[in-house]
$ cat work30.tsv   # TSV, C-alpha atoms and all ligand atoms
chain	number	residue	atom	x	y	z
A	1	MET	CA	28.42	31.63	-50.15
A	2	ARG	CA	28.47	27.89	-50.32
A	3	ARG	CA	31.66	27.72	-48.28
A	4	ALA	CA	30.21	29.97	-45.58
A	5	LEU	CA	27.36	27.56	-44.90
A	6	PRO	CA	29.23	25.07	-42.66
A	7	ALA	CA	30.53	27.95	-40.56
A	8	VAL	CA	27.04	29.40	-40.18
A	9	CYS	CA	25.74	25.98	-39.19
A	10	LEU	CA	28.48	25.56	-36.62
A	11	VAL	CA	27.72	28.93	-35.04
A	12	LEU	CA	24.01	28.13	-35.05
A	13	ALA	CA	24.59	24.71	-33.50
A	14	LEU	CA	26.78	26.23	-30.78
A	15	ALA	CA	24.24	28.96	-30.08
A	16	LEU	CA	21.45	26.41	-29.87
A	17	SER	CA	23.36	24.05	-27.63
A	18	SER	CA	24.38	26.81	-25.26
A	19	CYS	CA	20.78	27.90	-24.72
A	20	ALA	CA	19.18	24.43	-24.78
A	21	PRO	CA	18.20	23.45	-21.22
A	22	GLN	CA	20.53	20.90	-19.71
A	23	LYS	CA	19.51	17.43	-18.70
A	24	ARG	CA	19.60	17.02	-14.92
A	25	THR	CA	18.73	13.99	-12.85
A	26	ALA	CA	18.18	13.15	-9.20
A	27	SER	CA	17.18	10.02	-7.34
A	28	PHE	CA	16.19	9.58	-3.72
A	29	PHE	CA	13.97	7.61	-1.39
A	30	ALA	CA	10.65	9.16	-0.28
A	31	MET	CA	7.04	8.09	0.35
A	32	ASP	CA	8.36	4.59	0.97
A	33	THR	CA	9.68	4.20	-2.56
A	34	PHE	CA	12.59	4.95	-4.88
A	35	MET	CA	12.11	8.11	-6.93
A	36	GLU	CA	13.90	9.30	-10.05
A	37	LEU	CA	13.61	12.72	-11.69
A	38	THR	CA	14.88	13.90	-15.06
A	39	VAL	CA	14.36	17.50	-16.11
A	40	TYR	CA	15.69	19.68	-18.86
A	41	GLY	CA	16.13	22.86	-16.86
A	42	GLU	CA	17.89	24.38	-13.87
A	43	GLU	CA	19.40	22.29	-11.07
A	44	SER	CA	17.25	24.20	-8.57
A	45	VAL	CA	14.13	22.58	-10.10
A	46	LEU	CA	15.29	19.20	-8.83
A	47	ASP	CA	15.91	20.56	-5.32
A	48	ASP	CA	12.49	22.23	-5.30
A	49	THR	CA	10.81	19.02	-6.51
A	50	ARG	CA	12.44	16.94	-3.82
A	51	ALA	CA	11.50	19.51	-1.16
A	52	LEU	CA	7.91	19.46	-2.44
A	53	ILE	CA	7.69	15.66	-2.26
A	54	GLU	CA	9.19	15.61	1.22
A	55	ARG	CA	6.74	18.29	2.34
A	56	LEU	CA	3.78	16.29	1.01
A	57	GLU	CA	5.10	13.15	2.67
A	58	GLY	CA	5.41	15.02	5.98
A	59	GLU	CA	1.81	16.26	5.74
A	60	LEU	CA	0.15	13.12	4.40
A	61	SER	CA	1.99	10.22	6.03
A	62	VAL	CA	-0.07	7.90	8.24
A	63	THR	CA	2.98	7.03	10.35
A	64	ASP	CA	4.76	10.37	10.83
A	65	PRO	CA	3.71	11.57	14.32
A	66	ASP	CA	3.72	15.18	13.09
A	67	SER	CA	1.64	14.69	9.96
A	68	GLU	CA	-1.74	16.32	9.44
A	69	ILE	CA	-3.30	13.00	8.45
A	70	ARG	CA	-1.99	11.37	11.60
A	71	ALA	CA	-3.61	14.17	13.63
A	72	LEU	CA	-6.86	13.68	11.72
A	73	ASN	CA	-6.77	9.93	12.39
A	74	GLN	CA	-6.11	10.46	16.07
A	75	ASN	CA	-8.65	13.18	16.73
A	76	GLY	CA	-11.26	12.69	14.00
A	77	THR	CA	-10.71	16.28	12.97
A	78	ALA	CA	-7.62	18.41	12.42
A	79	GLU	CA	-6.39	21.71	11.12
A	80	LEU	CA	-5.56	20.72	7.55
A	81	GLY	CA	-3.37	22.69	5.18
A	82	GLU	CA	-4.27	23.17	1.53
A	83	ASP	CA	-2.36	20.06	0.33
A	84	ALA	CA	-4.06	17.61	2.67
A	85	ARG	CA	-7.48	19.22	2.35
A	86	SER	CA	-7.53	19.30	-1.44
A	87	LEU	CA	-6.16	15.77	-1.77
A	88	LEU	CA	-8.72	14.43	0.71
A	89	GLU	CA	-11.48	16.09	-1.29
A	90	ARG	CA	-10.21	14.74	-4.61
A	91	ALA	CA	-9.69	11.28	-3.12
A	92	LEU	CA	-13.28	11.24	-1.82
A	93	GLU	CA	-14.51	12.07	-5.33
A	94	ILE	CA	-12.57	9.11	-6.71
A	95	CYS	CA	-13.94	6.86	-3.95
A	96	ALA	CA	-17.46	7.85	-5.07
A	97	LEU	CA	-16.60	7.50	-8.76
A	98	THR	CA	-15.37	3.94	-8.19
A	99	GLY	CA	-18.29	2.95	-5.96
A	100	GLY	CA	-15.95	2.44	-3.03
A	101	ALA	CA	-13.41	0.16	-4.75
A	102	LEU	CA	-11.08	2.95	-3.72
A	103	ASP	CA	-11.93	3.67	-0.12
A	104	ILE	CA	-9.49	5.82	1.83
A	105	THR	CA	-11.05	4.67	5.12
A	106	VAL	CA	-9.77	1.11	4.56
A	107	TYR	CA	-6.73	2.05	6.64
A	108	PRO	CA	-7.65	0.21	9.88
A	109	VAL	CA	-7.71	-3.01	7.81
A	110	VAL	CA	-4.48	-2.20	5.94
A	111	ARG	CA	-2.85	-1.56	9.30
A	112	ALA	CA	-4.14	-4.82	10.80
A	113	TRP	CA	-2.46	-6.75	7.96
A	114	GLY	CA	0.77	-4.95	8.90
A	115	PHE	CA	1.30	-3.24	5.56
A	116	THR	CA	1.86	0.15	7.16
A	117	VAL	CA	5.05	-0.72	9.00
A	118	GLY	CA	5.94	-4.07	7.42
A	119	GLU	CA	5.00	-6.19	10.43
A	120	TYR	CA	2.92	-8.61	8.43
A	121	ARG	CA	0.28	-10.92	9.87
A	122	VAL	CA	-2.96	-12.57	8.78
A	123	PRO	CA	-5.74	-11.17	10.98
A	124	GLU	CA	-8.50	-13.45	12.27
A	125	PRO	CA	-11.79	-13.21	10.33
A	126	GLU	CA	-13.52	-11.78	13.44
A	127	GLU	CA	-10.92	-9.04	13.68
A	128	ILE	CA	-11.41	-8.15	10.00
A	129	ALA	CA	-15.21	-8.15	10.40
A	130	ALA	CA	-14.94	-5.77	13.38
A	131	LEU	CA	-12.57	-3.45	11.52
A	132	LEU	CA	-14.83	-3.34	8.45
A	133	GLU	CA	-17.37	-1.53	10.66
A	134	LYS	CA	-14.90	1.37	10.50
A	135	VAL	CA	-14.61	1.34	6.71
A	136	ASP	CA	-16.96	3.54	4.70
A	137	TYR	CA	-15.80	6.71	3.02
A	138	THR	CA	-19.43	8.00	2.74
A	139	ARG	CA	-19.39	8.54	6.53
A	140	ILE	CA	-16.79	11.30	6.23
A	141	SER	CA	-18.43	14.71	6.21
A	142	ASP	CA	-16.79	18.13	6.43
A	143	LEU	CA	-13.48	16.28	6.50
A	144	THR	CA	-14.38	14.92	9.92
A	145	LEU	CA	-14.11	11.21	10.74
A	146	PRO	CA	-16.57	9.18	12.80
A	147	GLU	CA	-15.23	7.56	15.98
A	148	GLY	CA	-12.59	4.91	15.23
A	149	PHE	CA	-12.30	5.79	11.54
A	150	MET	CA	-8.92	6.45	9.94
A	151	VAL	CA	-7.86	7.50	6.45
A	152	ASP	CA	-4.86	6.61	4.31
A	153	LEU	CA	-4.04	8.62	1.20
A	154	GLY	CA	-1.33	6.16	0.13
A	155	ALA	CA	-3.29	5.09	-2.95
A	156	VAL	CA	-3.28	8.63	-4.38
A	157	ALA	CA	-0.37	10.47	-2.75
A	158	LYS	CA	2.28	9.70	-5.35
A	159	GLY	CA	-0.06	10.65	-8.17
A	160	ARG	CA	-0.77	13.94	-6.41
A	161	ALA	CA	2.96	14.47	-5.85
A	162	SER	CA	3.49	14.08	-9.61
A	163	ASP	CA	0.74	16.62	-10.41
A	164	GLU	CA	2.25	19.13	-8.00
A	165	ALA	CA	5.75	18.51	-9.33
A	166	VAL	CA	4.58	19.07	-12.91
A	167	ARG	CA	2.99	22.32	-11.76
A	168	ILE	CA	6.24	23.65	-10.31
A	169	TRP	CA	8.16	22.43	-13.35
A	170	GLY	CA	5.80	24.48	-15.52
A	171	GLU	CA	6.28	27.54	-13.30
A	172	ALA	CA	10.05	27.12	-13.62
A	173	GLY	CA	9.78	27.10	-17.42
A	174	VAL	CA	10.56	23.40	-17.82
A	175	LYS	CA	9.16	22.02	-21.07
A	176	SER	CA	10.47	18.51	-20.84
A	177	GLY	CA	10.90	16.09	-17.97
A	178	LEU	CA	10.15	12.64	-16.63
A	179	MET	CA	9.58	11.49	-13.08
A	180	SER	CA	9.18	8.06	-11.67
A	181	LEU	CA	7.76	8.05	-8.14
A	182	GLY	CA	7.57	4.33	-7.49
A	183	GLY	CA	4.63	3.05	-9.56
A	184	SER	CA	3.61	6.61	-10.49
A	185	VAL	CA	5.31	8.00	-13.57
A	186	TYR	CA	4.67	11.38	-15.18
A	187	ALA	CA	6.06	12.38	-18.56
A	188	MET	CA	5.99	16.14	-19.09
A	189	GLY	CA	5.97	17.49	-22.64
A	190	THR	CA	8.04	15.54	-25.14
A	191	LYS	CA	11.71	14.67	-25.16
A	192	PRO	CA	13.81	17.67	-26.17
A	193	ASP	CA	14.04	16.30	-29.75
A	194	GLY	CA	10.25	16.46	-30.01
A	195	SER	CA	9.66	12.70	-29.86
A	196	ARG	CA	7.31	11.25	-27.25
A	197	TRP	CA	8.57	9.73	-24.01
A	198	ARG	CA	8.70	5.95	-23.84
A	199	VAL	CA	7.57	4.74	-20.45
A	200	GLY	CA	8.15	1.13	-19.41
A	201	ILE	CA	5.38	-0.94	-17.81
A	202	ARG	CA	6.69	-3.63	-15.50
A	203	ASP	CA	6.02	-7.30	-16.06
A	204	PRO	CA	4.05	-8.29	-12.94
A	205	PHE	CA	5.57	-11.80	-13.13
A	206	SER	CA	9.28	-10.90	-13.38
A	207	ASP	CA	11.72	-8.05	-12.91
A	208	GLY	CA	11.59	-7.26	-16.63
A	209	LEU	CA	9.32	-5.05	-18.69
A	210	LEU	CA	5.99	-6.03	-20.17
A	211	ALA	CA	5.66	-3.15	-22.61
A	212	ALA	CA	6.45	0.45	-23.36
A	213	VAL	CA	3.92	3.20	-23.99
A	214	GLU	CA	4.71	6.37	-25.89
A	215	VAL	CA	3.22	9.40	-24.19
A	216	GLU	CA	3.31	13.17	-23.95
A	217	ASP	CA	2.00	15.09	-20.91
A	218	ARG	CA	0.66	11.96	-19.33
A	219	ALA	CA	0.72	10.16	-15.99
A	220	VAL	CA	1.36	6.42	-16.28
A	221	VAL	CA	0.46	4.75	-13.00
A	222	THR	CA	0.63	1.05	-12.19
A	223	SER	CA	-0.87	-0.88	-9.28
A	224	GLY	CA	-0.05	-4.51	-8.74
A	225	GLY	CA	-0.06	-7.11	-6.04
A	226	TYR	CA	3.64	-7.73	-6.77
A	227	GLU	CA	4.58	-4.29	-5.43
A	228	ARG	CA	4.18	-5.22	-1.75
A	229	TYR	CA	3.26	-8.60	-0.33
A	230	PHE	CA	4.17	-11.29	2.16
A	231	GLU	CA	3.77	-15.03	2.21
A	232	GLU	CA	2.44	-17.21	4.99
A	233	ASN	CA	1.75	-20.96	4.82
A	234	GLY	CA	2.30	-20.90	1.07
A	235	GLU	CA	-0.30	-18.18	0.56
A	236	ARG	CA	0.55	-14.77	-0.85
A	237	TYR	CA	-1.07	-11.66	0.65
A	238	HIS	CA	-0.63	-8.30	-1.07
A	239	HIS	CA	-1.26	-4.69	-0.05
A	240	ILE	CA	-4.32	-3.77	-2.11
A	241	ILE	CA	-7.33	-4.52	0.05
A	242	ASP	CA	-10.86	-5.05	-1.19
A	243	PRO	CA	-12.83	-2.72	1.12
A	244	LYS	CA	-15.86	-5.03	0.84
A	245	THR	CA	-14.07	-8.11	2.23
A	246	GLY	CA	-11.10	-6.74	4.17
A	247	TYR	CA	-8.86	-9.24	2.34
A	248	PRO	CA	-6.29	-8.60	-0.40
A	249	ALA	CA	-8.25	-8.10	-3.62
A	250	ARG	CA	-8.51	-11.24	-5.74
A	251	SER	CA	-10.01	-9.96	-8.92
A	252	GLY	CA	-8.01	-11.99	-11.41
A	253	LEU	CA	-5.66	-9.11	-12.20
A	254	ALA	CA	-1.89	-9.11	-11.72
A	255	SER	CA	-1.49	-5.43	-12.55
A	256	VAL	CA	-3.32	-2.41	-13.93
A	257	THR	CA	-1.75	0.64	-15.53
A	258	VAL	CA	-3.80	3.81	-15.96
A	259	ILE	CA	-2.69	6.57	-18.32
A	260	GLY	CA	-4.14	10.07	-18.32
A	261	GLY	CA	-3.53	13.75	-17.75
A	262	GLU	CA	-4.08	13.83	-13.98
A	263	GLY	CA	-1.71	11.77	-11.83
A	264	THR	CA	-4.04	11.79	-8.81
A	265	LEU	CA	-6.94	10.34	-10.80
A	266	CYS	CA	-4.73	7.75	-12.53
A	267	ASP	CA	-3.29	6.69	-9.17
A	268	GLY	CA	-6.71	6.35	-7.55
A	269	LEU	CA	-8.12	4.51	-10.56
A	270	SER	CA	-5.22	2.08	-10.84
A	271	THR	CA	-5.82	0.96	-7.25
A	272	ALA	CA	-9.60	0.86	-7.75
A	273	PHE	CA	-9.41	-1.01	-11.08
A	274	TYR	CA	-7.17	-3.59	-9.45
A	275	VAL	CA	-9.86	-4.18	-6.80
A	276	MET	CA	-12.69	-4.23	-9.37
A	277	GLY	CA	-11.15	-6.63	-11.87
A	278	LEU	CA	-11.15	-6.36	-15.65
A	279	GLU	CA	-14.86	-6.55	-16.41
A	280	ARG	CA	-16.09	-4.14	-13.76
A	281	ALA	CA	-13.24	-1.72	-14.46
A	282	LEU	CA	-14.10	-1.65	-18.17
A	283	GLU	CA	-17.78	-1.16	-17.38
A	284	LEU	CA	-16.92	1.89	-15.28
A	285	TRP	CA	-14.47	3.15	-17.91
A	286	ARG	CA	-17.25	3.02	-20.49
A	287	SER	CA	-20.20	4.23	-18.43
A	288	ALA	CA	-18.40	7.12	-16.73
A	289	ARG	CA	-16.56	7.98	-19.97
A	290	LEU	CA	-13.33	8.21	-17.99
A	291	GLU	CA	-10.72	10.21	-19.84
A	292	VAL	CA	-7.98	7.70	-19.25
A	293	GLU	CA	-6.55	4.68	-21.04
A	294	ALA	CA	-5.58	1.46	-19.30
A	295	VAL	CA	-3.51	-1.70	-19.60
A	296	PHE	CA	-4.79	-4.75	-17.71
A	297	VAL	CA	-2.70	-7.86	-17.12
A	298	THR	CA	-4.62	-10.85	-15.77
A	299	GLU	CA	-3.15	-13.47	-13.45
A	300	ASP	CA	-2.92	-15.83	-16.40
A	301	GLY	CA	-0.85	-13.31	-18.35
A	302	GLU	CA	-3.49	-12.02	-20.76
A	303	ILE	CA	-3.14	-8.39	-21.78
A	304	THR	CA	-6.06	-6.06	-22.51
A	305	VAL	CA	-5.55	-2.44	-23.56
A	306	THR	CA	-8.07	0.32	-24.19
A	307	GLU	CA	-8.37	1.56	-27.75
A	308	GLY	CA	-6.72	4.95	-27.21
A	309	LEU	CA	-3.40	3.14	-26.74
A	310	GLU	CA	-3.39	1.59	-30.18
A	311	GLY	CA	-0.24	2.75	-31.93
A	312	SER	CA	1.49	3.81	-28.72
A	313	PHE	CA	1.55	0.48	-26.84
A	314	GLU	CA	4.48	-1.78	-27.66
A	315	PRO	CA	4.84	-5.20	-26.00
A	316	LEU	CA	8.43	-6.09	-25.14
A	317	GLY	CA	10.57	-9.18	-24.49
A	318	ASP	CA	8.53	-12.33	-23.83
A	319	TYR	CA	5.36	-10.43	-24.70
A	320	LYS	CA	6.46	-9.34	-28.20
A	321	ASN	CA	4.29	-11.95	-29.86
A	322	ALA	CA	1.58	-12.06	-27.23
A	323	GLU	CA	-1.99	-11.58	-28.30
A	324	ILE	CA	-3.15	-8.15	-27.14
A	325	LYS	CA	-6.86	-7.61	-26.76
A	326	VAL	CA	-7.95	-4.07	-27.63
A	327	VAL	CA	-11.25	-2.88	-26.19
A	328	GLY	CA	-13.33	0.11	-27.25
A	329	ARG	CA	-15.90	2.25	-25.51
A	330	GLY	CA	-18.60	0.22	-27.27
B	1	LIG	P1	-1.35	1.86	-4.88
B	1	LIG	O1	0.05	1.37	-4.72
B	1	LIG	O2	-1.47	3.23	-5.43
B	1	LIG	O3	-2.22	0.89	-5.61
B	1	LIG	O4	-1.96	2.02	-3.41
B	1	LIG	C1	-1.92	0.97	-2.49
B	1	LIG	C2	-1.91	1.53	-1.09
B	1	LIG	O5	-3.15	2.16	-0.81
B	1	LIG	C3	-1.76	0.43	-0.04
B	1	LIG	O6	-0.41	0.27	0.33
B	1	LIG	C4	-2.64	0.93	1.10
B	1	LIG	O7	-1.91	1.83	1.91
B	1	LIG	C5	-3.73	1.69	0.40
B	1	LIG	N1	-4.87	0.86	0.00
B	1	LIG	C6	-4.96	-0.49	-0.15
B	1	LIG	N2	-6.16	-0.86	-0.61
B	1	LIG	C7	-6.87	0.29	-0.78
B	1	LIG	C8	-8.20	0.59	-1.25
B	1	LIG	N3	-9.02	-0.37	-1.67
B	1	LIG	N4	-8.57	1.89	-1.27
B	1	LIG	C9	-7.74	2.87	-0.85
B	1	LIG	N5	-6.49	2.66	-0.43
B	1	LIG	C10	-6.05	1.39	-0.40
B	2	MG	MG	-2.94	4.11	-6.63
$ encode --input "work30.tsv" --output "structure tokens"
Amino acid sequence: MRRALPAVCLVLALALSSCAPQKRTASFFAMDTFMELTVYGEESVLDDTRALIERLEGELSVTDPDSEIRALNQNGTAELGEDARSLLERALEICALTGGALDITVYPVVRAWGFTVGEYRVPEPEEIAALLEKVDYTRISDLTLPEGFMVDLGAVAKGRASDEAVRIWGEAGVKSGLMSLGGSVYAMGTKPDGSRWRVGIRDPFSDGLLAAVEVEDRAVVTSGGYERYFEENGERYHHIIDPKTGYPARSGLASVTVIGGEGTLCDGLSTAFYVMGLERALELWRSARLEVEAVFVTEDGEITVTEGLEGSFEPLGDYKNAEIKVVGRG
């Protein structure tokens, strides 16, 4: 009996390994960023995910002449498919939730700074003041835009893409996978060995990592001025615009990471929190009882994390001995 055991184990191990889903990876460029997918499942899941992301990009892009959002921006109203309609509606909810720190109608200003096509310039104050007349998400009703208004779903599109990808992974029977869509990461399930995924958070001041968070079924979305910017006359201008001023947000933050179950919400909140700054973001987090956790890095390198991350947040490299401030809901 004792001698038979190794043989039984071998057969069991072989049986298990032959039915365990295989690790498959893909990487490609879409939505203006580098994307990486890892799934434990069929190869076709990767193809379907890429097709999904490219479809969303085609519908939601502000530059693609055939996109539904482009048609909406040109005509003030457009025949919207389910993807664009439902994302617009969700985005408007997040605009309201954040008191307009996220404002999808900020696009005319974003465009004037040249962030849409990379033709950067510093607009004159009068030009910004005139464009701000066309910024106010509360003026959208029935998904129709007032004259001269334009929307940009860039602050939530990658988060939505991750939610949709997770949905099709679930339908395909995938239990375990990780995707990195630029600053929007989603970790589905656990790793096949049952341990949680470790997701890196970038150091906003270097190419290295600031920390890792251990998560399961969570979006981990980072917004930071370092992601897209240009310099002119020694001044740095980044792509996250404060809808109140029309200028790149200067809230004292270098980056914000939001962690939660819904990628779209995390994506919208990471952009909004960056605009709001640490204190206002925490106030909203507490008062609205947002079901997310967050990591804030200030411009002077101080790190604040919300209490739900205790035990799963691990500073790395230069930050190993940094003082981490943990804040509660109070
Ligand atoms: P994210 O990288 O998710 O933080 O989103 C930044 C992108 O959203 C920018 O590249 C702009 O296209 C757009 N954007 C910038 N500022 C805002 C804002 N305050 N509200 C909504 N969208 C914004
Ligand atoms: Mg965002």
$ residues_near_ligand --input "work30.tsv" --ligand "ligand LIG 1 (chain B)" --cutoff "7 Å" --atoms "only C-alpha atoms and all ligand atoms" --output "count of residues only"
28
$ axis_aligned_box --input "work30.tsv" --around "range 139-150 of chain A" --padding-each-side "3 Å" --output "AutoDock Vina command-line options"
--center_x -14.2 --center_y 11.5 --center_z 11.1 --size_x 16.5 --size_y 19.2 --size_z 15.8
$ closest_residue --input "work30.tsv" --among "A:Arg196, A:Arg70, A:Arg236, A:Arg289" --to "Arg218 in chain A" --atoms "only C-alpha atoms"
A:Arg196
$ closest_residue --input "work30.tsv" --among "A:Val122, A:Ile140, A:Cys95, A:Val213" --to "Tyr229 in chain A" --atoms "all atoms listed in the file"
A:Val122
$ residues_near_point --input "work30.tsv" --point "(2.6, 5.6, -26.9)" --cutoff "10 Å" --atoms "all atoms listed in the file" --output "MDAnalysis selection string"
chainID A and resid 196:199 212:216 308:314
$ write_last_selection --input "work30.tsv" --atoms "C-alpha atoms" --output "PDB file, in the coordinates of the input"
ATOM      1  CA  ARG A 196       7.310  11.250 -27.250  1.00  0.00           C
ATOM      2  CA  TRP A 197       8.570   9.730 -24.010  1.00  0.00           C
ATOM      3  CA  ARG A 198       8.700   5.950 -23.840  1.00  0.00           C
ATOM      4  CA  VAL A 199       7.570   4.740 -20.450  1.00  0.00           C
ATOM      5  CA  ALA A 212       6.450   0.450 -23.360  1.00  0.00           C
ATOM      6  CA  VAL A 213       3.920   3.200 -23.990  1.00  0.00           C
ATOM      7  CA  GLU A 214       4.710   6.370 -25.890  1.00  0.00           C
ATOM      8  CA  VAL A 215       3.220   9.400 -24.190  1.00  0.00           C
ATOM      9  CA  GLU A 216       3.310  13.170 -23.950  1.00  0.00           C
ATOM     10  CA  GLY A 308      -6.720   4.950 -27.210  1.00  0.00           C
ATOM     11  CA  LEU A 309      -3.400   3.140 -26.740  1.00  0.00           C
ATOM     12  CA  GLU A 310      -3.390   1.590 -30.180  1.00  0.00           C
ATOM     13  CA  GLY A 311      -0.240   2.750 -31.930  1.00  0.00           C
ATOM     14  CA  SER A 312       1.490   3.810 -28.720  1.00  0.00           C
ATOM     15  CA  PHE A 313       1.550   0.480 -26.840  1.00  0.00           C
ATOM     16  CA  GLU A 314       4.480  -1.780 -27.660  1.00  0.00           C
TER      17      GLU A 314
END
$ closest_residue --input "work30.tsv" --among "A:Val117, A:Ala288, A:Ile94, A:Val297" --to "ligand MG 2 (chain B)" --atoms "all atoms listed in the file"
A:Ile94
$ atom_distance --input "work30.tsv" --atom1 "CA of Val109 in chain A" --atom2 "CA of Leu52 in chain A"
29.2 Å
$ closest_residue --input "work30.tsv" --among "A:Leu284, A:Val185, A:Ala172, A:Ile128" --to "ligand MG 2 (chain B)" --atoms "all atoms listed in the file"
A:Val185
$ atom_distance --input "work30.tsv" --atom1 "CA of Gly159 in chain A" --atom2 "CA of Arg250 in chain A"
23.6 Å
$ closest_residue --input "work30.tsv" --among "A:Asp136, A:Glu227, A:Glu299, A:Glu36" --to "ligand MG 2 (chain B)" --atoms "only C-alpha atoms and all ligand atoms"
A:Glu227
$ residues_around --input "work30.tsv" --residues "Gly81 in chain A" --least-positions-apart "5" --cutoff "9 Å" --atoms "only C-alpha atoms" --output "PyMOL selection string"
chain A and resi 59+68+86
$ residues_around --input "work30.tsv" --residues "Gly317 in chain A" --least-positions-apart "6" --cutoff "10 Å" --atoms "only C-alpha atoms" --output "list of chain:residue names"
A:Asp203, A:Gly208, A:Leu209, A:Leu210, A:Ala211
$ atom_distance --input "work30.tsv" --atom1 "CA of Glu127 in chain A" --atom2 "CA of Ser251 in chain A"
22.6 Å
$ closest_residue --input "work30.tsv" --among "A:Phe230, A:Tyr247, A:Phe273, A:Phe205" --to "ligand MG 2 (chain B)" --atoms "all atoms listed in the file"
A:Phe273
$ residues_around --input "work30.tsv" --residues "Met31 in chain A" --least-positions-apart "5" --cutoff "9 Å" --atoms "only C-alpha atoms" --output "JSON, numbers by chain"
{"A": [53, 54, 56, 57, 61, 154, 157, 158, 181, 182]}
$ residues_around --input "work30.tsv" --residues "Phe149 in chain A" --least-positions-apart "5" --cutoff "7 Å" --atoms "all atoms listed in the file" --output "number ranges by chain"
A: 73, 105, 134-135
$ build_atoms --input "work30.tsv" --residues "range 268-273 of chain A" --atoms "all heavy atoms" --output "mmCIF file, keeping the file's coordinate frame"
data_model
loop_
_atom_site.group_PDB
_atom_site.id
_atom_site.type_symbol
_atom_site.label_atom_id
_atom_site.label_comp_id
_atom_site.auth_asym_id
_atom_site.auth_seq_id
_atom_site.Cartn_x
_atom_site.Cartn_y
_atom_site.Cartn_z
ATOM 1 N N GLY A 268 -5.516 6.862 -8.220
ATOM 2 C CA GLY A 268 -6.710 6.350 -7.550
ATOM 3 C C GLY A 268 -7.386 5.260 -8.385
ATOM 4 O O GLY A 268 -7.803 4.221 -7.871
ATOM 5 N N LEU A 269 -7.454 5.493 -9.702
ATOM 6 C CA LEU A 269 -8.120 4.510 -10.560
ATOM 7 C C LEU A 269 -7.322 3.226 -10.686
ATOM 8 O O LEU A 269 -7.892 2.140 -10.775
ATOM 9 C CB LEU A 269 -8.363 5.104 -11.964
ATOM 10 C CG LEU A 269 -9.482 6.140 -12.076
ATOM 11 C CD1 LEU A 269 -9.567 6.672 -13.508
ATOM 12 C CD2 LEU A 269 -10.837 5.558 -11.658
ATOM 13 N N SER A 270 -5.994 3.318 -10.676
ATOM 14 C CA SER A 270 -5.220 2.080 -10.840
ATOM 15 C C SER A 270 -5.465 1.172 -9.634
ATOM 16 O O SER A 270 -5.655 -0.034 -9.784
ATOM 17 C CB SER A 270 -3.728 2.365 -11.050
ATOM 18 O OG SER A 270 -3.134 2.864 -9.884
ATOM 19 N N THR A 271 -5.529 1.747 -8.444
ATOM 20 C CA THR A 271 -5.820 0.960 -7.250
ATOM 21 C C THR A 271 -7.249 0.406 -7.321
ATOM 22 O O THR A 271 -7.487 -0.781 -7.088
ATOM 23 C CB THR A 271 -5.650 1.830 -5.983
ATOM 24 O OG1 THR A 271 -4.364 2.465 -6.043
ATOM 25 C CG2 THR A 271 -5.754 1.005 -4.720
ATOM 26 N N ALA A 272 -8.196 1.278 -7.683
ATOM 27 C CA ALA A 272 -9.600 0.860 -7.750
ATOM 28 C C ALA A 272 -9.824 -0.209 -8.820
ATOM 29 O O ALA A 272 -10.504 -1.205 -8.582
ATOM 30 C CB ALA A 272 -10.487 2.069 -8.025
ATOM 31 N N PHE A 273 -9.245 -0.026 -10.000
ATOM 32 C CA PHE A 273 -9.410 -1.010 -11.080
ATOM 33 C C PHE A 273 -8.866 -2.368 -10.648
ATOM 34 O O PHE A 273 -9.423 -3.406 -10.992
ATOM 35 C CB PHE A 273 -8.682 -0.548 -12.350
ATOM 36 C CG PHE A 273 -9.400 0.513 -13.156
ATOM 37 C CD1 PHE A 273 -8.820 1.043 -14.301
ATOM 38 C CD2 PHE A 273 -10.658 0.984 -12.773
ATOM 39 C CE1 PHE A 273 -9.465 2.013 -15.062
ATOM 40 C CE2 PHE A 273 -11.316 1.963 -13.523
ATOM 41 C CZ PHE A 273 -10.700 2.471 -14.669
#
